[in-house]
file protein14.txt (compact mmCIF, C-alpha atoms)
# COMPACT_ATOMS: atom_id res chain seq x y z
CA MET L 1430 67.55 -115.08 -25.47
CA GLU L 1431 66.86 -114.43 -29.12
CA GLN L 1432 69.84 -114.11 -31.42
CA ARG L 1433 69.79 -110.36 -31.95
CA VAL L 1434 70.92 -106.95 -30.70
CA SER L 1435 68.33 -104.20 -30.22
CA LEU L 1436 70.52 -101.25 -29.32
CA VAL L 1437 74.18 -100.30 -29.34
CA THR L 1438 74.82 -97.29 -27.10
CA LEU L 1439 78.01 -95.31 -27.55
CA GLY L 1440 79.22 -93.29 -24.59
CA VAL L 1441 80.20 -89.79 -25.65
CA ALA L 1442 81.82 -86.76 -24.07
CA ASP L 1443 79.69 -84.13 -25.81
CA LEU L 1444 76.29 -85.18 -27.07
CA VAL L 1445 75.78 -82.23 -29.42
CA ARG L 1446 79.17 -82.75 -31.03
CA ALA L 1447 78.74 -86.53 -31.31
CA ARG L 1448 75.29 -86.12 -32.86
CA ALA L 1449 76.66 -83.61 -35.36
CA PHE L 1450 79.39 -86.05 -36.36
CA TYR L 1451 76.91 -88.80 -37.27
CA GLU L 1452 74.66 -86.27 -38.98
CA ALA L 1453 77.66 -85.16 -41.04
CA LEU L 1454 77.93 -88.78 -42.18
CA GLY L 1455 74.37 -88.51 -43.46
CA TRP L 1456 72.55 -90.05 -40.51
CA HIS L 1457 69.23 -88.62 -39.39
CA THR L 1458 67.46 -88.59 -36.04
CA ASP L 1459 64.31 -87.02 -34.71
CA SER L 1460 65.66 -87.19 -31.14
CA ASP L 1461 64.96 -84.04 -29.17
CA PRO L 1462 68.33 -82.46 -28.24
CA ALA L 1463 66.89 -81.53 -24.85
CA GLN L 1464 66.37 -85.18 -23.93
CA GLY L 1465 70.00 -85.93 -23.18
CA VAL L 1466 70.16 -88.98 -25.41
CA VAL L 1467 70.15 -89.48 -29.15
CA PHE L 1468 68.73 -92.49 -30.96
CA PHE L 1469 69.32 -93.33 -34.62
CA GLN L 1470 67.18 -95.96 -36.31
CA ALA L 1471 69.76 -98.25 -37.92
CA GLY L 1472 68.04 -100.92 -39.95
CA GLY L 1473 66.26 -103.27 -37.56
CA MET L 1474 68.16 -101.97 -34.59
CA ILE L 1475 68.98 -98.65 -32.93
CA VAL L 1476 72.26 -96.81 -32.28
CA GLY L 1477 72.25 -94.56 -29.23
CA LEU L 1478 74.52 -91.77 -28.05
CA TRP L 1479 74.63 -90.96 -24.35
CA ASP L 1480 76.95 -89.29 -21.91
CA ARG L 1481 79.74 -91.77 -21.25
CA GLY L 1482 79.73 -91.23 -17.49
CA GLU L 1483 75.99 -91.80 -17.32
CA LEU L 1484 76.30 -94.89 -19.50
CA ALA L 1485 79.07 -96.30 -17.30
CA LYS L 1486 76.95 -95.76 -14.22
CA ASP L 1487 73.88 -97.27 -15.85
CA SER L 1488 75.99 -100.23 -16.97
CA ALA L 1489 77.47 -100.68 -13.48
CA ALA L 1490 80.85 -100.55 -15.22
CA GLU L 1491 84.25 -99.27 -14.19
CA ASP L 1492 85.36 -97.01 -17.01
CA ALA L 1493 89.02 -97.51 -17.77
CA GLY L 1494 88.79 -94.94 -20.56
CA GLY L 1495 89.57 -95.63 -24.19
CA TRP L 1496 88.65 -98.71 -26.16
CA GLY L 1497 87.04 -101.60 -24.34
CA GLY L 1498 87.03 -104.66 -26.56
CA ILE L 1499 84.17 -103.83 -28.91
CA THR L 1500 84.57 -102.76 -32.54
CA LEU L 1501 81.69 -101.96 -34.88
CA ALA L 1502 81.75 -102.55 -38.61
CA HIS L 1503 79.92 -101.04 -41.53
CA ASN L 1504 80.00 -103.25 -44.60
CA LEU L 1505 79.81 -102.09 -48.18
CA ARG L 1506 79.55 -103.51 -51.66
CA SER L 1507 83.03 -102.76 -53.01
CA PRO L 1508 86.50 -101.54 -52.03
CA GLY L 1509 85.67 -98.25 -53.75
CA GLU L 1510 82.70 -97.74 -51.45
CA VAL L 1511 84.95 -98.46 -48.46
CA ASP L 1512 87.40 -95.77 -49.50
CA ALA L 1513 84.54 -93.32 -50.10
CA VAL L 1514 83.08 -93.83 -46.61
CA LEU L 1515 86.52 -93.54 -45.00
CA ALA L 1516 87.03 -90.24 -46.81
CA GLU L 1517 83.58 -89.08 -45.70
CA ALA L 1518 84.37 -89.99 -42.07
CA GLU L 1519 87.71 -88.19 -42.21
CA GLY L 1520 85.94 -85.15 -43.60
CA ALA L 1521 83.56 -85.25 -40.64
CA GLY L 1522 86.46 -85.22 -38.20
CA ALA L 1523 87.10 -88.92 -37.63
CA GLU L 1524 90.61 -90.25 -37.18
CA ILE L 1525 91.59 -92.76 -39.84
CA ARG L 1526 93.39 -95.44 -37.88
CA ARG L 1527 93.86 -97.84 -40.75
CA PRO L 1528 93.48 -96.78 -44.40
CA GLY L 1529 91.56 -98.96 -46.82
CA ALA L 1530 93.60 -102.00 -47.88
CA PRO L 1531 93.16 -105.68 -48.71
CA THR L 1532 92.72 -107.82 -45.59
CA PHE L 1533 94.11 -111.21 -44.54
CA TRP L 1534 90.57 -112.65 -44.74
CA GLY L 1535 90.18 -111.90 -48.42
CA GLY L 1536 88.25 -108.65 -48.22
CA TYR L 1537 89.08 -104.97 -48.12
CA SER L 1538 88.77 -102.67 -45.12
CA GLY L 1539 89.92 -99.62 -43.26
CA LEU L 1540 89.07 -98.28 -39.81
CA PHE L 1541 88.15 -94.95 -38.33
CA ALA L 1542 87.63 -93.79 -34.76
CA ASP L 1543 84.71 -91.45 -34.17
CA LEU L 1544 85.12 -88.29 -32.10
CA ASP L 1545 84.92 -90.35 -28.90
CA GLY L 1546 87.35 -93.01 -30.06
CA HIS L 1547 84.74 -95.65 -30.94
CA ALA L 1548 86.21 -97.92 -33.60
CA TRP L 1549 84.34 -98.47 -36.85
CA GLU L 1550 85.76 -100.85 -39.38
CA VAL L 1551 84.55 -100.01 -42.89
CA ALA L 1552 84.66 -103.21 -44.89
CA HIS L 1553 83.89 -105.11 -48.02
CA ASN L 1554 83.54 -108.84 -47.37
CA PRO L 1555 82.91 -110.70 -50.64
CA GLY L 1556 81.76 -113.77 -48.68
CA TRP L 1557 78.80 -112.05 -47.03
CA GLN L 1558 75.52 -111.00 -48.64
CA LEU L 1559 74.57 -107.35 -48.35
CA ALA L 1560 70.92 -106.80 -49.25
CA ASP L 1561 69.47 -103.65 -50.80
CA ASP L 1562 68.04 -102.64 -47.41
CA GLY L 1563 71.52 -102.81 -45.85
CA SER L 1564 70.93 -106.00 -43.89
CA ILE L 1565 73.81 -108.45 -44.03
CA SER L 1566 73.91 -112.24 -44.01
CA LEU L 1567 76.64 -114.80 -43.50
CA ALA L 1568 77.22 -116.75 -46.69
CA MET R 1105 77.50 -93.69 -44.87
CA GLU R 1106 74.22 -95.54 -44.59
CA GLN R 1107 72.50 -95.49 -41.21
CA ARG R 1108 73.25 -99.02 -40.09
CA VAL R 1109 75.68 -101.36 -38.34
CA SER R 1110 76.78 -104.57 -40.08
CA LEU R 1111 78.84 -106.24 -37.40
CA VAL R 1112 79.54 -105.87 -33.69
CA THR R 1113 82.71 -107.73 -32.72
CA LEU R 1114 83.29 -108.58 -29.08
CA GLY R 1115 86.86 -109.16 -28.00
CA VAL R 1116 87.15 -112.28 -25.85
CA ALA R 1117 89.83 -114.03 -23.81
CA ASP R 1118 88.83 -117.58 -24.71
CA LEU R 1119 86.93 -118.12 -27.93
CA VAL R 1120 85.66 -121.61 -27.07
CA ARG R 1121 84.35 -120.46 -23.70
CA ALA R 1122 82.79 -117.28 -25.13
CA ARG R 1123 81.10 -119.23 -27.91
CA ALA R 1124 79.75 -121.75 -25.40
CA PHE R 1125 78.29 -118.91 -23.32
CA TYR R 1126 76.26 -117.53 -26.23
CA GLU R 1127 75.25 -121.04 -27.27
CA ALA R 1128 74.02 -121.62 -23.71
CA LEU R 1129 71.76 -118.59 -24.23
CA GLY R 1130 70.26 -120.38 -27.23
CA TRP R 1131 72.33 -118.78 -29.98
CA HIS R 1132 73.49 -120.87 -32.93
CA THR R 1133 76.45 -120.54 -35.27
CA ASP R 1134 77.87 -122.63 -38.07
CA SER R 1135 81.30 -121.01 -37.60
CA ASP R 1136 84.12 -123.53 -37.77
CA PRO R 1137 85.87 -123.56 -34.36
CA ALA R 1138 89.21 -123.94 -36.16
CA GLN R 1139 88.79 -120.56 -37.88
CA GLY R 1140 89.64 -118.48 -34.84
CA VAL R 1141 86.57 -116.29 -35.09
CA VAL R 1142 82.87 -116.90 -34.44
CA PHE R 1143 80.03 -115.17 -36.26
CA PHE R 1144 76.40 -115.25 -35.17
CA GLN R 1145 73.69 -114.09 -37.57
CA ALA R 1146 71.71 -111.60 -35.46
CA GLY R 1147 68.71 -110.36 -37.40
CA GLY R 1148 69.98 -108.16 -40.23
CA MET R 1149 73.41 -107.87 -38.70
CA ILE R 1150 76.16 -110.10 -37.35
CA VAL R 1151 77.74 -110.49 -33.90
CA GLY R 1152 81.34 -111.66 -33.91
CA LEU R 1153 83.61 -113.07 -31.23
CA TRP R 1154 87.36 -112.72 -31.69
CA ASP R 1155 90.47 -112.76 -29.54
CA ARG R 1156 90.57 -109.40 -27.77
CA GLY R 1157 94.25 -108.84 -28.42
CA GLU R 1158 93.82 -109.52 -32.12
CA LEU R 1159 90.78 -107.25 -32.26
CA ALA R 1160 92.67 -104.44 -30.51
CA LYS R 1161 95.51 -104.78 -32.99
CA ASP R 1162 93.14 -104.89 -35.96
CA SER R 1163 91.33 -101.84 -34.57
CA ALA R 1164 94.61 -99.95 -34.04
CA ALA R 1165 93.39 -99.43 -30.48
CA GLU R 1166 95.14 -99.16 -27.14
CA ASP R 1167 93.37 -101.62 -24.88
CA ALA R 1168 92.89 -100.16 -21.43
CA GLY R 1169 91.13 -103.35 -20.32
CA GLY R 1170 87.58 -103.50 -19.04
CA TRP R 1171 84.62 -101.56 -20.36
CA GLY R 1172 85.18 -98.98 -23.07
CA GLY R 1173 82.08 -96.87 -23.47
CA ILE R 1174 79.84 -99.24 -25.43
CA THR R 1175 76.84 -101.08 -23.99
CA LEU R 1176 74.60 -103.43 -25.97
CA ALA R 1177 70.92 -103.94 -25.29
CA HIS R 1178 68.51 -106.73 -25.97
CA ASN R 1179 64.91 -105.58 -25.88
CA LEU R 1180 61.92 -107.70 -24.97
CA ARG R 1181 58.17 -107.49 -24.90
CA SER R 1182 57.52 -107.38 -21.15
CA PRO R 1183 59.23 -107.06 -17.75
CA GLY R 1184 58.64 -110.77 -17.25
CA GLU R 1185 60.63 -111.56 -20.36
CA VAL R 1186 63.43 -109.31 -19.09
CA ASP R 1187 63.62 -111.22 -15.82
CA ALA R 1188 63.57 -114.54 -17.68
CA VAL R 1189 66.50 -113.59 -19.92
CA LEU R 1190 68.48 -112.23 -16.95
CA ALA R 1191 67.95 -115.55 -15.17
CA GLU R 1192 69.00 -117.43 -18.30
CA ALA R 1193 72.17 -115.33 -18.58
CA GLU R 1194 73.00 -115.87 -14.92
CA GLY R 1195 72.53 -119.58 -15.41
CA ALA R 1196 75.00 -119.46 -18.30
CA GLY R 1197 77.62 -117.83 -16.08
CA ALA R 1198 76.98 -114.12 -16.65
CA GLU R 1199 77.34 -111.64 -13.84
CA ILE R 1200 74.12 -109.79 -13.07
CA ARG R 1201 75.26 -106.22 -12.55
CA ARG R 1202 71.81 -104.72 -12.18
CA PRO R 1203 68.72 -106.83 -11.47
CA GLY R 1204 65.52 -106.19 -13.37
CA ALA R 1205 63.71 -103.08 -12.11
CA PRO R 1206 61.67 -100.15 -13.39
CA THR R 1207 63.84 -97.48 -15.04
CA PHE R 1208 63.84 -93.68 -14.92
CA TRP R 1209 62.79 -93.63 -18.61
CA GLY R 1210 59.55 -95.47 -17.99
CA GLY R 1211 60.61 -98.97 -18.92
CA TYR R 1212 62.03 -101.98 -17.13
CA SER R 1213 65.56 -103.31 -17.39
CA GLY R 1214 68.45 -105.16 -15.85
CA LEU R 1215 72.02 -105.66 -16.98
CA PHE R 1216 74.43 -108.55 -17.23
CA ALA R 1217 78.10 -108.76 -18.13
CA ASP R 1218 79.10 -111.67 -20.33
CA LEU R 1219 82.15 -113.79 -19.48
CA ASP R 1220 84.44 -111.11 -20.92
CA GLY R 1221 82.74 -108.23 -19.16
CA HIS R 1222 80.74 -106.98 -22.15
CA ALA R 1223 77.66 -105.18 -20.86
CA TRP R 1224 74.22 -106.24 -22.08
CA GLU R 1225 71.21 -104.33 -20.91
CA VAL R 1226 68.08 -106.47 -21.07
CA ALA R 1227 65.15 -104.13 -21.44
CA HIS R 1228 61.49 -103.57 -22.06
CA ASN R 1229 60.82 -100.14 -23.56
CA PRO R 1230 57.09 -99.61 -23.99
CA GLY R 1231 57.75 -96.69 -26.34
CA TRP R 1232 59.55 -98.75 -28.98
CA GLN R 1233 58.03 -101.25 -31.42
CA LEU R 1234 59.42 -104.77 -31.33
CA ALA R 1235 58.37 -106.75 -34.41
CA ASP R 1236 57.82 -110.49 -34.55
CA ASP R 1237 61.18 -110.92 -36.30
CA GLY R 1238 62.96 -109.17 -33.43
CA SER R 1239 63.66 -105.94 -35.28
CA ILE R 1240 63.02 -102.82 -33.26
CA SER R 1241 61.78 -99.37 -34.24
CA LEU R 1242 61.70 -96.03 -32.53
CA ALA R 1243 58.14 -94.95 -31.85

call {"tool": "encode", "arguments": {"input": "protein14.txt", "output": "structure tokens"}}
result
Amino acid sequence: MEQRVSLVTLGVADLVRARAFYEALGWHTDSDPAQGVVFFQAGGMIVGLWDRGELAKDSAAEDAGGWGGITLAHNLRSPGEVDAVLAEAEGAGAEIRRPGAPTFWGGYSGLFADLDGHAWEVAHNPGWQLADDGSISLA
Amino acid sequence: MEQRVSLVTLGVADLVRARAFYEALGWHTDSDPAQGVVFFQAGGMIVGLWDRGELAKDSAAEDAGGWGGITLAHNLRSPGEVDAVLAEAEGAGAEIRRPGAPTFWGGYSGLFADLDGHAWEVAHNPGWQLADDGSISLA
């Protein structure tokens, strides 16, 4: 198994609303709303949005509801950029669960939950390399 | 907010065991076992393993246990490759929740749960472009 992820699918309650949230953050998709699934090209991988019940069934998973042990992160080049993205997310309707602040690991981060409760840490990690194309590398 | 994901962190019960599972799949990390967190370079992003309780706390999330509405996928170039990776995962101790089979969307996929129950779909989608470096693009 190659060391990579192709797709992260987020289960959502309302596909139109969830799509609009990510579009409000500046994301773009050509997915046809009638198709019942939304795909965003996200660097060398894809982020999908799909009905949570359908995703649970397709994943042969019992859905306990709420958070399930996976948190996403979006890294940026400075603490100021972190605060700006957190403000942008809040403006789009996200819940700020942790405001931007210095972290125990020597960086700076905050965390928002999207409209379906999916956790996104927004972070600046001075030990990682963030390329112009948005790809990130361990030091 | 740029259209990308920097890091996917999987909450795990036993970091040594979880790391060994991904290493058994052929993944490599230089993370120091004493650091309490494991990072795998995964194309232009990073996959992390961290104690699930710590991750829940850091994510300001209530942990309902089990699956929480996020499924990962690893795409491959043929149905045969899908079956091979599913067999490899099973050999490493994963639970096969859905064996490889043709899908309603015109591809071929199966699904395994890692040792902590995180769902990985293993898929061939003939409509997406998988580059030599493992990056994937919507058609």

call {"tool": "atom_distance", "arguments": {"input": "protein14.txt", "atom1": "CA of Asp1443 in chain L", "atom2": "CA of Glu1519 in chain L"}}
result
18.7 Å

call {"tool": "residues_around", "arguments": {"input": "protein14.txt", "residues": "range 1525-1541 of chain L", "least_positions_apart": "6", "cutoff": "12 Å", "atoms": "all atoms listed in the file", "output": "JSON, numbers by chain"}}
result
{"L": [1500, 1501, 1502, 1503, 1504, 1505, 1506, 1507, 1508, 1509, 1510, 1511, 1512, 1513, 1514, 1515, 1516, 1517, 1518, 1519, 1547, 1548, 1549, 1550, 1551, 1552, 1553, 1554, 1555, 1556, 1557], "R": [1139, 1140, 1141, 1159, 1160, 1161, 1162, 1163, 1164, 1165, 1166]}

call {"tool": "interface_residues", "arguments": {"input": "protein14.txt", "of": "chain L", "to": "chain R", "cutoff": "6 Å", "atoms": "all atoms listed in the file", "output": "ChimeraX atom specification"}}
result
/L:1430,1432-1440,1454,1456,1471-1474,1492-1504,1514,1564-1565

call {"tool": "atom_distance", "arguments": {"input": "protein14.txt", "atom1": "CA of Phe1125 in chain R", "atom2": "CA of Asp1218 in chain R"}}
result
7.9 Å

call {"tool": "atom_distance", "arguments": {"input": "protein14.txt", "atom1": "CA of Ala1196 in chain R", "atom2": "CA of Ala1117 in chain R"}}
result
16.7 Å

call {"tool": "decode", "arguments": {"input": "protein14.txt", "residues": "range 1448-1488 of chain L", "atoms": "N, CA and C atoms", "output": "PDB file, in the first residue's frame"}}
result
ATOM      1  N   ARG L1448     -21.833  22.022   1.002  1.00  0.00           N
ATOM      2  CA  ARG L1448     -21.106  22.538  -0.162  1.00  0.00           C
ATOM      3  C   ARG L1448     -20.970  24.057  -0.079  1.00  0.00           C
ATOM      4  N   ALA L1449     -22.065  24.712   0.285  1.00  0.00           N
ATOM      5  CA  ALA L1449     -22.046  26.182   0.368  1.00  0.00           C
ATOM      6  C   ALA L1449     -21.059  26.664   1.423  1.00  0.00           C
ATOM      7  N   PHE L1450     -20.924  25.905   2.497  1.00  0.00           N
ATOM      8  CA  PHE L1450     -19.964  26.284   3.541  1.00  0.00           C
ATOM      9  C   PHE L1450     -18.542  26.287   2.975  1.00  0.00           C
ATOM     10  N   TYR L1451     -18.158  25.214   2.290  1.00  0.00           N
ATOM     11  CA  TYR L1451     -16.788  25.161   1.754  1.00  0.00           C
ATOM     12  C   TYR L1451     -16.603  26.173   0.625  1.00  0.00           C
ATOM     13  N   GLU L1452     -17.648  26.421  -0.138  1.00  0.00           N
ATOM     14  CA  GLU L1452     -17.551  27.459  -1.166  1.00  0.00           C
ATOM     15  C   GLU L1452     -17.374  28.836  -0.525  1.00  0.00           C
ATOM     16  N   ALA L1453     -18.013  29.043   0.624  1.00  0.00           N
ATOM     17  CA  ALA L1453     -17.856  30.330   1.322  1.00  0.00           C
ATOM     18  C   ALA L1453     -16.426  30.517   1.825  1.00  0.00           C
ATOM     19  N   LEU L1454     -15.717  29.393   2.012  1.00  0.00           N
ATOM     20  CA  LEU L1454     -14.301  29.473   2.398  1.00  0.00           C
ATOM     21  C   LEU L1454     -13.401  29.686   1.186  1.00  0.00           C
ATOM     22  N   GLY L1455     -14.010  29.746   0.005  1.00  0.00           N
ATOM     23  CA  GLY L1455     -13.224  30.000  -1.196  1.00  0.00           C
ATOM     24  C   GLY L1455     -12.927  28.758  -2.018  1.00  0.00           C
ATOM     25  N   TRP L1456     -13.493  27.622  -1.616  1.00  0.00           N
ATOM     26  CA  TRP L1456     -13.256  26.399  -2.375  1.00  0.00           C
ATOM     27  C   TRP L1456     -14.171  26.369  -3.603  1.00  0.00           C
ATOM     28  N   HIS L1457     -13.711  25.659  -4.619  1.00  0.00           N
ATOM     29  CA  HIS L1457     -14.472  25.555  -5.859  1.00  0.00           C
ATOM     30  C   HIS L1457     -14.612  24.099  -6.296  1.00  0.00           C
ATOM     31  N   THR L1458     -15.796  23.774  -6.799  1.00  0.00           N
ATOM     32  CA  THR L1458     -16.019  22.433  -7.343  1.00  0.00           C
ATOM     33  C   THR L1458     -16.882  22.534  -8.589  1.00  0.00           C
ATOM     34  N   ASP L1459     -16.619  21.636  -9.513  1.00  0.00           N
ATOM     35  CA  ASP L1459     -17.491  21.523 -10.687  1.00  0.00           C
ATOM     36  C   ASP L1459     -18.505  20.399 -10.508  1.00  0.00           C
ATOM     37  N   SER L1460     -18.579  19.811  -9.316  1.00  0.00           N
ATOM     38  CA  SER L1460     -19.522  18.709  -9.094  1.00  0.00           C
ATOM     39  C   SER L1460     -20.949  19.164  -9.393  1.00  0.00           C
ATOM     40  N   ASP L1461     -21.662  18.298 -10.066  1.00  0.00           N
ATOM     41  CA  ASP L1461     -23.060  18.550 -10.403  1.00  0.00           C
ATOM     42  C   ASP L1461     -23.906  18.340  -9.144  1.00  0.00           C
ATOM     43  N   PRO L1462     -24.642  19.378  -8.698  1.00  0.00           N
ATOM     44  CA  PRO L1462     -25.446  19.227  -7.471  1.00  0.00           C
ATOM     45  C   PRO L1462     -26.428  18.056  -7.539  1.00  0.00           C
ATOM     46  N   ALA L1463     -26.832  17.679  -8.737  1.00  0.00           N
ATOM     47  CA  ALA L1463     -27.807  16.591  -8.860  1.00  0.00           C
ATOM     48  C   ALA L1463     -27.198  15.219  -8.588  1.00  0.00           C
ATOM     49  N   GLN L1464     -25.861  15.163  -8.512  1.00  0.00           N
ATOM     50  CA  GLN L1464     -25.217  13.847  -8.398  1.00  0.00           C
ATOM     51  C   GLN L1464     -25.225  13.257  -6.989  1.00  0.00           C
ATOM     52  N   GLY L1465     -25.526  14.077  -6.010  1.00  0.00           N
ATOM     53  CA  GLY L1465     -25.621  13.532  -4.655  1.00  0.00           C
ATOM     54  C   GLY L1465     -24.308  13.394  -3.926  1.00  0.00           C
ATOM     55  N   VAL L1466     -23.237  13.883  -4.531  1.00  0.00           N
ATOM     56  CA  VAL L1466     -21.933  13.853  -3.902  1.00  0.00           C
ATOM     57  C   VAL L1466     -21.148  15.040  -4.448  1.00  0.00           C
ATOM     58  N   VAL L1467     -20.285  15.578  -3.630  1.00  0.00           N
ATOM     59  CA  VAL L1467     -19.486  16.733  -4.044  1.00  0.00           C
ATOM     60  C   VAL L1467     -18.017  16.389  -3.871  1.00  0.00           C
ATOM     61  N   PHE L1468     -17.225  16.660  -4.899  1.00  0.00           N
ATOM     62  CA  PHE L1468     -15.787  16.428  -4.802  1.00  0.00           C
ATOM     63  C   PHE L1468     -15.033  17.729  -5.038  1.00  0.00           C
ATOM     64  N   PHE L1469     -14.106  18.022  -4.133  1.00  0.00           N
ATOM     65  CA  PHE L1469     -13.207  19.163  -4.282  1.00  0.00           C
ATOM     66  C   PHE L1469     -11.807  18.642  -4.560  1.00  0.00           C
ATOM     67  N   GLN L1470     -11.179  19.113  -5.620  1.00  0.00           N
ATOM     68  CA  GLN L1470      -9.764  18.821  -5.823  1.00  0.00           C
ATOM     69  C   GLN L1470      -8.988  19.557  -4.735  1.00  0.00           C
ATOM     70  N   ALA L1471      -8.158  18.868  -4.003  1.00  0.00           N
ATOM     71  CA  ALA L1471      -7.450  19.483  -2.874  1.00  0.00           C
ATOM     72  C   ALA L1471      -5.978  19.092  -2.965  1.00  0.00           C
ATOM     73  N   GLY L1472      -5.238  19.870  -3.763  1.00  0.00           N
ATOM     74  CA  GLY L1472      -3.853  19.487  -4.023  1.00  0.00           C
ATOM     75  C   GLY L1472      -3.864  18.150  -4.746  1.00  0.00           C
ATOM     76  N   GLY L1473      -3.004  17.246  -4.336  1.00  0.00           N
ATOM     77  CA  GLY L1473      -2.915  15.941  -4.995  1.00  0.00           C
ATOM     78  C   GLY L1473      -3.920  14.933  -4.500  1.00  0.00           C
ATOM     79  N   MET L1474      -4.882  15.391  -3.710  1.00  0.00           N
ATOM     80  CA  MET L1474      -5.928  14.483  -3.274  1.00  0.00           C
ATOM     81  C   MET L1474      -7.292  15.150  -3.454  1.00  0.00           C
ATOM     82  N   ILE L1475      -8.333  14.481  -2.978  1.00  0.00           N
ATOM     83  CA  ILE L1475      -9.698  14.953  -3.180  1.00  0.00           C
ATOM     84  C   ILE L1475     -10.420  14.944  -1.832  1.00  0.00           C
ATOM     85  N   VAL L1476     -11.229  15.961  -1.589  1.00  0.00           N
ATOM     86  CA  VAL L1476     -12.114  15.985  -0.423  1.00  0.00           C
ATOM     87  C   VAL L1476     -13.540  15.815  -0.923  1.00  0.00           C
ATOM     88  N   GLY L1477     -14.247  14.850  -0.368  1.00  0.00           N
ATOM     89  CA  GLY L1477     -15.622  14.589  -0.776  1.00  0.00           C
ATOM     90  C   GLY L1477     -16.616  14.931   0.316  1.00  0.00           C
ATOM     91  N   LEU L1478     -17.817  15.269  -0.102  1.00  0.00           N
ATOM     92  CA  LEU L1478     -18.943  15.468   0.817  1.00  0.00           C
ATOM     93  C   LEU L1478     -20.045  14.523   0.363  1.00  0.00           C
ATOM     94  N   TRP L1479     -20.609  13.779   1.334  1.00  0.00           N
ATOM     95  CA  TRP L1479     -21.643  12.812   0.980  1.00  0.00           C
ATOM     96  C   TRP L1479     -22.569  12.663   2.175  1.00  0.00           C
ATOM     97  N   ASP L1480     -23.782  12.317   1.906  1.00  0.00           N
ATOM     98  CA  ASP L1480     -24.738  12.069   2.980  1.00  0.00           C
ATOM     99  C   ASP L1480     -24.139  11.132   4.029  1.00  0.00           C
ATOM    100  N   ARG L1481     -24.214  11.556   5.284  1.00  0.00           N
ATOM    101  CA  ARG L1481     -23.535  10.776   6.338  1.00  0.00           C
ATOM    102  C   ARG L1481     -24.111   9.362   6.491  1.00  0.00           C
ATOM    103  N   GLY L1482     -25.406   9.231   6.356  1.00  0.00           N
ATOM    104  CA  GLY L1482     -26.014   7.906   6.455  1.00  0.00           C
ATOM    105  C   GLY L1482     -25.560   6.981   5.334  1.00  0.00           C
ATOM    106  N   GLU L1483     -25.477   7.543   4.133  1.00  0.00           N
ATOM    107  CA  GLU L1483     -25.005   6.754   2.989  1.00  0.00           C
ATOM    108  C   GLU L1483     -23.537   6.365   3.183  1.00  0.00           C
ATOM    109  N   LEU L1484     -22.755   7.320   3.683  1.00  0.00           N
ATOM    110  CA  LEU L1484     -21.330   7.051   3.897  1.00  0.00           C
ATOM    111  C   LEU L1484     -21.132   5.972   4.963  1.00  0.00           C
ATOM    112  N   ALA L1485     -21.942   6.035   6.025  1.00  0.00           N
ATOM    113  CA  ALA L1485     -21.844   5.016   7.081  1.00  0.00           C
ATOM    114  C   ALA L1485     -22.155   3.634   6.513  1.00  0.00           C
ATOM    115  N   LYS L1486     -23.202   3.583   5.714  1.00  0.00           N
ATOM    116  CA  LYS L1486     -23.601   2.310   5.115  1.00  0.00           C
ATOM    117  C   LYS L1486     -22.506   1.794   4.192  1.00  0.00           C
ATOM    118  N   ASP L1487     -21.986   2.682   3.352  1.00  0.00           N
ATOM    119  CA  ASP L1487     -20.946   2.310   2.398  1.00  0.00           C
ATOM    120  C   ASP L1487     -19.665   1.883   3.118  1.00  0.00           C
ATOM    121  N   SER L1488     -19.469   2.438   4.315  1.00  0.00           N
ATOM    122  CA  SER L1488     -18.269   2.134   5.092  1.00  0.00           C
ATOM    123  C   SER L1488     -18.496   0.963   6.040  1.00  0.00           C
TER     124      SER L1488
END
